[in-house]
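Structure first, commentary second.
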Amino acid sequence: MAVGDAMGLAAKSIKPETVRQLFGAMDGFKDVRPFIGKGIKRFTMQGLYGGLTQNALAVADGLLKNKKGGAREVSQLLLKLSAGGPEHYFGVYRRPEKGFYKSICSLMEDPPRAAEHDQADAAFLTMGIPAGIIHRDRPEAGVRLNVDIGLLLSRNLCEITGLALAGYLASRFLSLEPGNVGEPVAEAELVLRDTEEFCRKVETRLRETAPGLWGETGESERGLLEQTLKGLRERWDVGLDELLQWVCQNASHRHKTSVTSPAQGYVLTLLPLCLVLVLREGRGFDSSLTAGLNMGKAADKVGSLIGSWAGAIYGWQGIPESWRSGLVNGKEIRLRGEGLFSSRFPKGAKDIYEMELGLTSKEFEIGKKYFQKSSTRLTRPTPRPMLSWEDDVADESVIPEKSDTASWRKFHKDKSRMKKDRRKHLKLNDADD
């Protein structure tokens with residue numbers, strides 16, 4: 001996950017054509033500094049993962065430190081990471097999305113209020129992966145925990161279902177055997193059938209846990225992910241271009257928005273895209289990840305999902321050595337992965353807040369000269385000096401705010417009157433001469 005997230009941040013929010021123009025191919029950790037202002041807007045530290053992996057790490061630490069804990073422990077860690085941090089950052093988080101910011105702000109209130117996030121924009125999918133792995137032998141426990149975590153952050157049925165599914169697939173792929181060299185992963189159709197059944201289980205759990213949310217969700221918005229996965233399975237053998245075109249059309253119809261790329265940040269685009277690239281098109285960890293990142297757009301989300309799933313299939317040794325060594329903080333990430341697998345918090349692991357604060361501060365120091373400077377423009381004109389012929393009553397130095405509509409109109413009416421008086425005054429002076 002961390003490798004895919006860190007590589008994807010360099011290609012985030014840019015078009016595939018721009019990816020090719022700047023980098024050729026996303027086949028490693030890219031230095032964005034030469035391209036800031038020339039296709040890339042924001043600085044990202046080479047080899048350093050972002051908010052998607054940070055969120056998953058917070059979930060992992062919360063589950064490993066208190067095995068009987070749940071969403072409450074996770075929320076406390078998320079809030080802790082949102083405090084402090086350098087300028088231009090939300091706490092120690094690196095490039096979190098707006099929806100995540102709103103969800104964390106809702107947790108800050110006492111008592112916490114319901115999250116405002118109500119879009120299926122795949123903002124929280126990676127947070128389901130730790131629970132999916134730690135409860136891989138007890139999928140029902142994983143479903144319960146991930147539904148609770150999802151409800152903590154979102155009010156969107158499709159988003160919460162996708163969060164739980166991402167975790168289930170990470171655990172499911174651990175049992176898959178990679179195909180022979182040059183062949184896709186076997187059992188793809190069986191996996192897709194299992195995902196449809198899993199989505200039904202998640203929605204059943206949601207209906208029992210949050211009947212209010214279930215009642216607020218329209219009939220047409222229920223079962224969206226299950227129906228999409230069924231459609232993907234039925235079209236599994238068509239050509240890649242045709243299949244991805246269907247993914248866009250399906251997401252446009254069901255999300256009721258224009259979707260032109262399968263790499264756009266929606267649950268119904270990213271989950272099918274990553275499944276296709278990992279199970280059908282990929283021939284290894286590197287080929288699957290590079291193919292997804294070359295599409296740009298929501299490249300960090302694509303990279304995180306493909307990295308998690310392809311990593312589960314091909315293992316640590318399947319990741320190219322230069323990618324393993326180029327990942328910033330790779331040792332701590334691997335410790336937590338092994339901890340999830342063994343259900344024990346790793347001895348000697350760093351405190352997550354201190355660890356992420358140090359990394360965020362380091363990124364800030366390296367990239368602070370690339371941050372946009374605050375605007376120094378005044379929001380209203382500087383008052384001009386009083387003219388000798390004007391009355392003291394008509395003091396223009398007191399300029400009302402635009403938000404005060406009545407005073408603003410009166411100000412301009414008086415200003416027009418003063419201009420007319422000034423012209424009249426000048427004409428009288430000329431006549432006297």
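The chains in the structure tokens are called A, B, ... from first to last as shown; in each chain the residues are counted from 1, and the ligands are counted from 1 in the order shown.
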Quiz item: If we count only C-alpha atoms, what is near Gly292 (chain A) at a cut-off of 12 Å, once residues fewer than 2 positions away on the same chain are taken out, given as a VMD selection string?
Solution: chain A and resid 4 to 5 7 to 8 11 to 12 16 19 25 to 27 261 to 264 270 to 278 281 to 282 285 to 290 294 to 307 310
Written selection (N, CA and C atoms) as a short mmCIF file (atom, residue, chain, number, x, y, z; two decimals), in the first residue's frame:
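Writing done, so here's result_28.cif:
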```cif
data_model
loop_
_atom_site.label_atom_id
_atom_site.label_comp_id
_atom_site.auth_asym_id
_atom_site.auth_seq_id
_atom_site.Cartn_x
_atom_site.Cartn_y
_atom_site.Cartn_z
N GLY A 4 2.63 1.87 -3.39
CA GLY A 4 1.70 2.37 -4.41
C GLY A 4 1.25 3.79 -4.13
N ASP A 5 1.00 4.10 -2.86
CA ASP A 5 0.58 5.44 -2.46
C ASP A 5 1.69 6.46 -2.76
N MET A 7 4.28 6.24 -4.82
CA MET A 7 4.52 6.40 -6.25
C MET A 7 3.38 7.17 -6.90
N GLY A 8 2.15 6.92 -6.45
CA GLY A 8 0.99 7.55 -7.07
C GLY A 8 0.88 9.03 -6.80
N ALA A 11 1.86 11.36 -9.59
CA ALA A 11 0.99 11.42 -10.77
C ALA A 11 -0.43 11.83 -10.42
N LYS A 12 -0.66 12.21 -9.17
CA LYS A 12 -2.02 12.54 -8.72
C LYS A 12 -2.56 13.78 -9.43
N PRO A 16 -3.29 11.30 -18.20
CA PRO A 16 -2.33 10.29 -18.68
C PRO A 16 -1.31 10.86 -19.65
N VAL A 19 1.32 12.54 -17.68
CA VAL A 19 2.18 11.54 -17.03
C VAL A 19 3.27 11.09 -18.01
N ALA A 25 6.90 6.80 -17.88
CA ALA A 25 6.09 5.77 -17.25
C ALA A 25 6.31 5.83 -15.76
N MET A 26 5.29 5.46 -14.99
CA MET A 26 5.39 5.48 -13.53
C MET A 26 6.01 4.17 -13.06
N ASP A 27 7.28 4.04 -13.30
CA ASP A 27 7.99 2.81 -12.99
C ASP A 27 8.97 2.97 -11.83
N SER A 261 -12.93 8.79 -17.12
CA SER A 261 -11.74 7.96 -16.94
C SER A 261 -11.98 6.96 -15.81
N PRO A 262 -11.57 5.71 -15.99
CA PRO A 262 -11.74 4.73 -14.90
C PRO A 262 -10.87 5.03 -13.69
N ALA A 263 -9.89 5.94 -13.85
CA ALA A 263 -9.01 6.30 -12.73
C ALA A 263 -9.52 7.51 -11.96
N GLN A 264 -10.74 7.98 -12.26
CA GLN A 264 -11.32 9.06 -11.47
C GLN A 264 -11.68 8.53 -10.09
N LEU A 270 -12.78 2.95 -9.28
CA LEU A 270 -11.48 2.48 -8.81
C LEU A 270 -11.47 1.01 -8.42
N LEU A 271 -12.52 0.54 -7.75
CA LEU A 271 -12.54 -0.87 -7.37
C LEU A 271 -12.56 -1.79 -8.59
N PRO A 272 -13.44 -1.57 -9.59
CA PRO A 272 -13.38 -2.41 -10.79
C PRO A 272 -12.07 -2.29 -11.55
N LEU A 273 -11.55 -1.05 -11.69
CA LEU A 273 -10.29 -0.85 -12.41
C LEU A 273 -9.17 -1.65 -11.76
N CYS A 274 -9.03 -1.53 -10.46
CA CYS A 274 -7.93 -2.21 -9.77
C CYS A 274 -8.09 -3.72 -9.81
N LEU A 275 -9.30 -4.21 -9.77
CA LEU A 275 -9.53 -5.66 -9.90
C LEU A 275 -9.10 -6.15 -11.27
N VAL A 276 -9.44 -5.39 -12.30
CA VAL A 276 -9.06 -5.77 -13.66
C VAL A 276 -7.54 -5.79 -13.81
N LEU A 277 -6.87 -4.74 -13.29
CA LEU A 277 -5.42 -4.65 -13.46
C LEU A 277 -4.67 -5.69 -12.63
N VAL A 278 -5.19 -6.05 -11.47
CA VAL A 278 -4.51 -7.03 -10.62
C VAL A 278 -4.80 -8.46 -11.08
N GLU A 281 -5.05 -8.14 -16.07
CA GLU A 281 -4.04 -7.53 -16.94
C GLU A 281 -2.63 -7.63 -16.36
N GLY A 282 -2.52 -7.66 -15.05
CA GLY A 282 -1.21 -7.67 -14.41
C GLY A 282 -0.49 -8.98 -14.57
N PHE A 285 3.64 -7.70 -9.58
CA PHE A 285 3.38 -6.49 -8.79
C PHE A 285 3.71 -5.24 -9.60
N ASP A 286 4.86 -5.21 -10.23
CA ASP A 286 5.30 -4.00 -10.92
C ASP A 286 4.45 -3.68 -12.13
N SER A 287 4.08 -4.68 -12.92
CA SER A 287 3.28 -4.41 -14.13
C SER A 287 1.89 -3.93 -13.76
N SER A 288 1.29 -4.52 -12.72
CA SER A 288 -0.05 -4.10 -12.29
C SER A 288 -0.03 -2.66 -11.81
N LEU A 289 0.96 -2.33 -10.97
CA LEU A 289 1.02 -0.99 -10.38
C LEU A 289 1.33 0.06 -11.43
N THR A 290 2.30 -0.19 -12.29
CA THR A 290 2.68 0.79 -13.31
C THR A 290 1.52 1.08 -14.26
N ASN A 294 0.01 4.91 -14.54
CA ASN A 294 0.14 5.61 -15.82
C ASN A 294 -1.13 6.35 -16.21
N MET A 295 -2.26 5.99 -15.59
CA MET A 295 -3.54 6.63 -15.91
C MET A 295 -3.72 7.96 -15.17
N GLY A 296 -2.82 8.29 -14.24
CA GLY A 296 -2.92 9.56 -13.53
C GLY A 296 -4.19 9.66 -12.70
N LYS A 297 -4.84 10.84 -12.75
CA LYS A 297 -6.08 11.11 -12.03
C LYS A 297 -5.92 10.81 -10.53
N ALA A 298 -6.73 9.87 -9.98
CA ALA A 298 -6.63 9.52 -8.56
C ALA A 298 -5.55 8.47 -8.38
N ALA A 299 -4.33 8.79 -8.80
CA ALA A 299 -3.25 7.80 -8.86
C ALA A 299 -2.85 7.31 -7.47
N ASP A 300 -2.98 8.15 -6.45
CA ASP A 300 -2.63 7.69 -5.11
C ASP A 300 -3.60 6.63 -4.61
N LYS A 301 -4.89 6.79 -4.92
CA LYS A 301 -5.89 5.78 -4.53
C LYS A 301 -5.69 4.49 -5.33
N VAL A 302 -5.46 4.64 -6.63
CA VAL A 302 -5.21 3.47 -7.47
C VAL A 302 -3.97 2.73 -6.97
N GLY A 303 -2.90 3.49 -6.70
CA GLY A 303 -1.67 2.87 -6.24
C GLY A 303 -1.83 2.16 -4.91
N SER A 304 -2.60 2.76 -3.99
CA SER A 304 -2.79 2.15 -2.68
C SER A 304 -3.54 0.83 -2.78
N LEU A 305 -4.61 0.80 -3.61
CA LEU A 305 -5.40 -0.43 -3.74
C LEU A 305 -4.62 -1.51 -4.48
N ILE A 306 -4.03 -1.15 -5.61
CA ILE A 306 -3.26 -2.14 -6.37
C ILE A 306 -2.07 -2.63 -5.54
N GLY A 307 -1.39 -1.71 -4.86
CA GLY A 307 -0.26 -2.11 -4.04
C GLY A 307 -0.66 -3.10 -2.96
N ALA A 310 -2.03 -6.50 -4.99
CA ALA A 310 -0.94 -7.21 -5.68
C ALA A 310 0.13 -7.65 -4.69
#
```
Exercise. Tell me, as a list in words, which residues lie within 10 Å of Asn55 (chain A), counting only C-alpha atoms; anything in the same chain fewer than 2 positions away does not count.
Key: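 Skipping anything fewer than 2 positions along the chain leaves Gly50, Gly51, Leu52, Thr53, Leu57, Ala58, Val59, Ala60, Val74, Leu77, Leu78, Leu81, Tyr93, Pro96, Phe100, Phe124, Leu125, Thr126, Met127 and Gly128 of chain A.
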Filtering to N, CA and C atoms, could you give me those residues as a PDB file, in the first residue's frame?
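Final output, out39.pdb:
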```pdb
ATOM      1  N   GLY A  50       1.357   9.167   1.578  1.00  0.00           N
ATOM      2  CA  GLY A  50       0.498  10.261   2.011  1.00  0.00           C
ATOM      3  C   GLY A  50      -0.590   9.848   2.973  1.00  0.00           C
ATOM      4  N   GLY A  51      -1.682  10.613   2.979  1.00  0.00           N
ATOM      5  CA  GLY A  51      -2.755  10.434   3.949  1.00  0.00           C
ATOM      6  C   GLY A  51      -3.453   9.093   3.880  1.00  0.00           C
ATOM      7  N   LEU A  52      -3.547   8.486   2.707  1.00  0.00           N
ATOM      8  CA  LEU A  52      -4.239   7.197   2.597  1.00  0.00           C
ATOM      9  C   LEU A  52      -3.551   6.127   3.427  1.00  0.00           C
ATOM     10  N   THR A  53      -2.234   6.062   3.329  1.00  0.00           N
ATOM     11  CA  THR A  53      -1.491   5.089   4.120  1.00  0.00           C
ATOM     12  C   THR A  53      -1.468   5.486   5.588  1.00  0.00           C
ATOM     13  N   LEU A  57      -2.497   3.167   8.724  1.00  0.00           N
ATOM     14  CA  LEU A  57      -1.583   2.934   9.835  1.00  0.00           C
ATOM     15  C   LEU A  57      -2.254   3.247  11.174  1.00  0.00           C
ATOM     16  N   ALA A  58      -3.060   4.308  11.203  1.00  0.00           N
ATOM     17  CA  ALA A  58      -3.767   4.653  12.434  1.00  0.00           C
ATOM     18  C   ALA A  58      -4.748   3.547  12.813  1.00  0.00           C
ATOM     19  N   VAL A  59      -5.452   3.001  11.825  1.00  0.00           N
ATOM     20  CA  VAL A  59      -6.361   1.889  12.093  1.00  0.00           C
ATOM     21  C   VAL A  59      -5.577   0.678  12.604  1.00  0.00           C
ATOM     22  N   ALA A  60      -4.465   0.372  11.944  1.00  0.00           N
ATOM     23  CA  ALA A  60      -3.650  -0.783  12.338  1.00  0.00           C
ATOM     24  C   ALA A  60      -3.156  -0.647  13.771  1.00  0.00           C
ATOM     25  N   VAL A  74      -9.658   3.799  17.165  1.00  0.00           N
ATOM     26  CA  VAL A  74      -9.229   4.323  15.867  1.00  0.00           C
ATOM     27  C   VAL A  74      -9.477   5.825  15.787  1.00  0.00           C
ATOM     28  N   LEU A  77      -6.863   7.904  17.611  1.00  0.00           N
ATOM     29  CA  LEU A  77      -5.599   8.038  16.887  1.00  0.00           C
ATOM     30  C   LEU A  77      -5.735   8.999  15.709  1.00  0.00           C
ATOM     31  N   LEU A  78      -6.857   8.946  15.013  1.00  0.00           N
ATOM     32  CA  LEU A  78      -7.081   9.862  13.896  1.00  0.00           C
ATOM     33  C   LEU A  78      -7.076  11.309  14.380  1.00  0.00           C
ATOM     34  N   LEU A  81      -3.521  12.506  15.203  1.00  0.00           N
ATOM     35  CA  LEU A  81      -2.729  12.848  14.029  1.00  0.00           C
ATOM     36  C   LEU A  81      -3.156  14.171  13.407  1.00  0.00           C
ATOM     37  N   TYR A  93      -1.056  15.104   8.798  1.00  0.00           N
ATOM     38  CA  TYR A  93      -1.525  14.434   7.583  1.00  0.00           C
ATOM     39  C   TYR A  93      -0.931  15.093   6.341  1.00  0.00           C
ATOM     40  N   PRO A  96      -4.522  15.146   2.798  1.00  0.00           N
ATOM     41  CA  PRO A  96      -5.823  14.473   2.961  1.00  0.00           C
ATOM     42  C   PRO A  96      -6.878  15.173   2.126  1.00  0.00           C
ATOM     43  N   PHE A 100     -12.250  13.957   4.117  1.00  0.00           N
ATOM     44  CA  PHE A 100     -11.610  13.441   5.320  1.00  0.00           C
ATOM     45  C   PHE A 100     -11.491  14.541   6.375  1.00  0.00           C
ATOM     46  N   PHE A 124     -11.988   6.662   1.772  1.00  0.00           N
ATOM     47  CA  PHE A 124     -11.680   5.895   2.974  1.00  0.00           C
ATOM     48  C   PHE A 124     -11.433   4.411   2.717  1.00  0.00           C
ATOM     49  N   LEU A 125     -11.316   3.997   1.464  1.00  0.00           N
ATOM     50  CA  LEU A 125     -11.254   2.561   1.159  1.00  0.00           C
ATOM     51  C   LEU A 125     -10.080   1.870   1.836  1.00  0.00           C
ATOM     52  N   THR A 126      -8.913   2.507   1.862  1.00  0.00           N
ATOM     53  CA  THR A 126      -7.728   1.840   2.414  1.00  0.00           C
ATOM     54  C   THR A 126      -7.842   1.599   3.915  1.00  0.00           C
ATOM     55  N   MET A 127      -8.749   2.288   4.580  1.00  0.00           N
ATOM     56  CA  MET A 127      -8.888   2.113   6.022  1.00  0.00           C
ATOM     57  C   MET A 127      -9.518   0.773   6.380  1.00  0.00           C
ATOM     58  N   GLY A 128     -10.087   0.083   5.405  1.00  0.00           N
ATOM     59  CA  GLY A 128     -10.665  -1.227   5.678  1.00  0.00           C
ATOM     60  C   GLY A 128      -9.653  -2.365   5.620  1.00  0.00           C
TER      61      GLY A 128
END
```
Quiz prompt | From A:Gly284, A:Gly39, A:Ser325, A:Gly162, residue lying nearest Arg20 (chain A) [only C-alpha atoms] | solution =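 Going through A:Gly284, A:Gly39, A:Ser325, A:Gly162 one by one, the smallest distance to Arg20 (chain A) is for A:Gly39.
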Quiz item: Looking at only C-alpha atoms, which of A:Cys105, A:Ala115, A:Val3, A:Val147 is the one that sits closest to Gly70 (chain A)?
Solution: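 Looking at the shortest contact to Gly70 (chain A), the residue is A:Val147.
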Practice problem: For CA of Ile36 (chain A) and CA of Phe371 (chain A), determine how far apart the two atoms are, in Å to one decimal place. | Solution: 10.0 Å
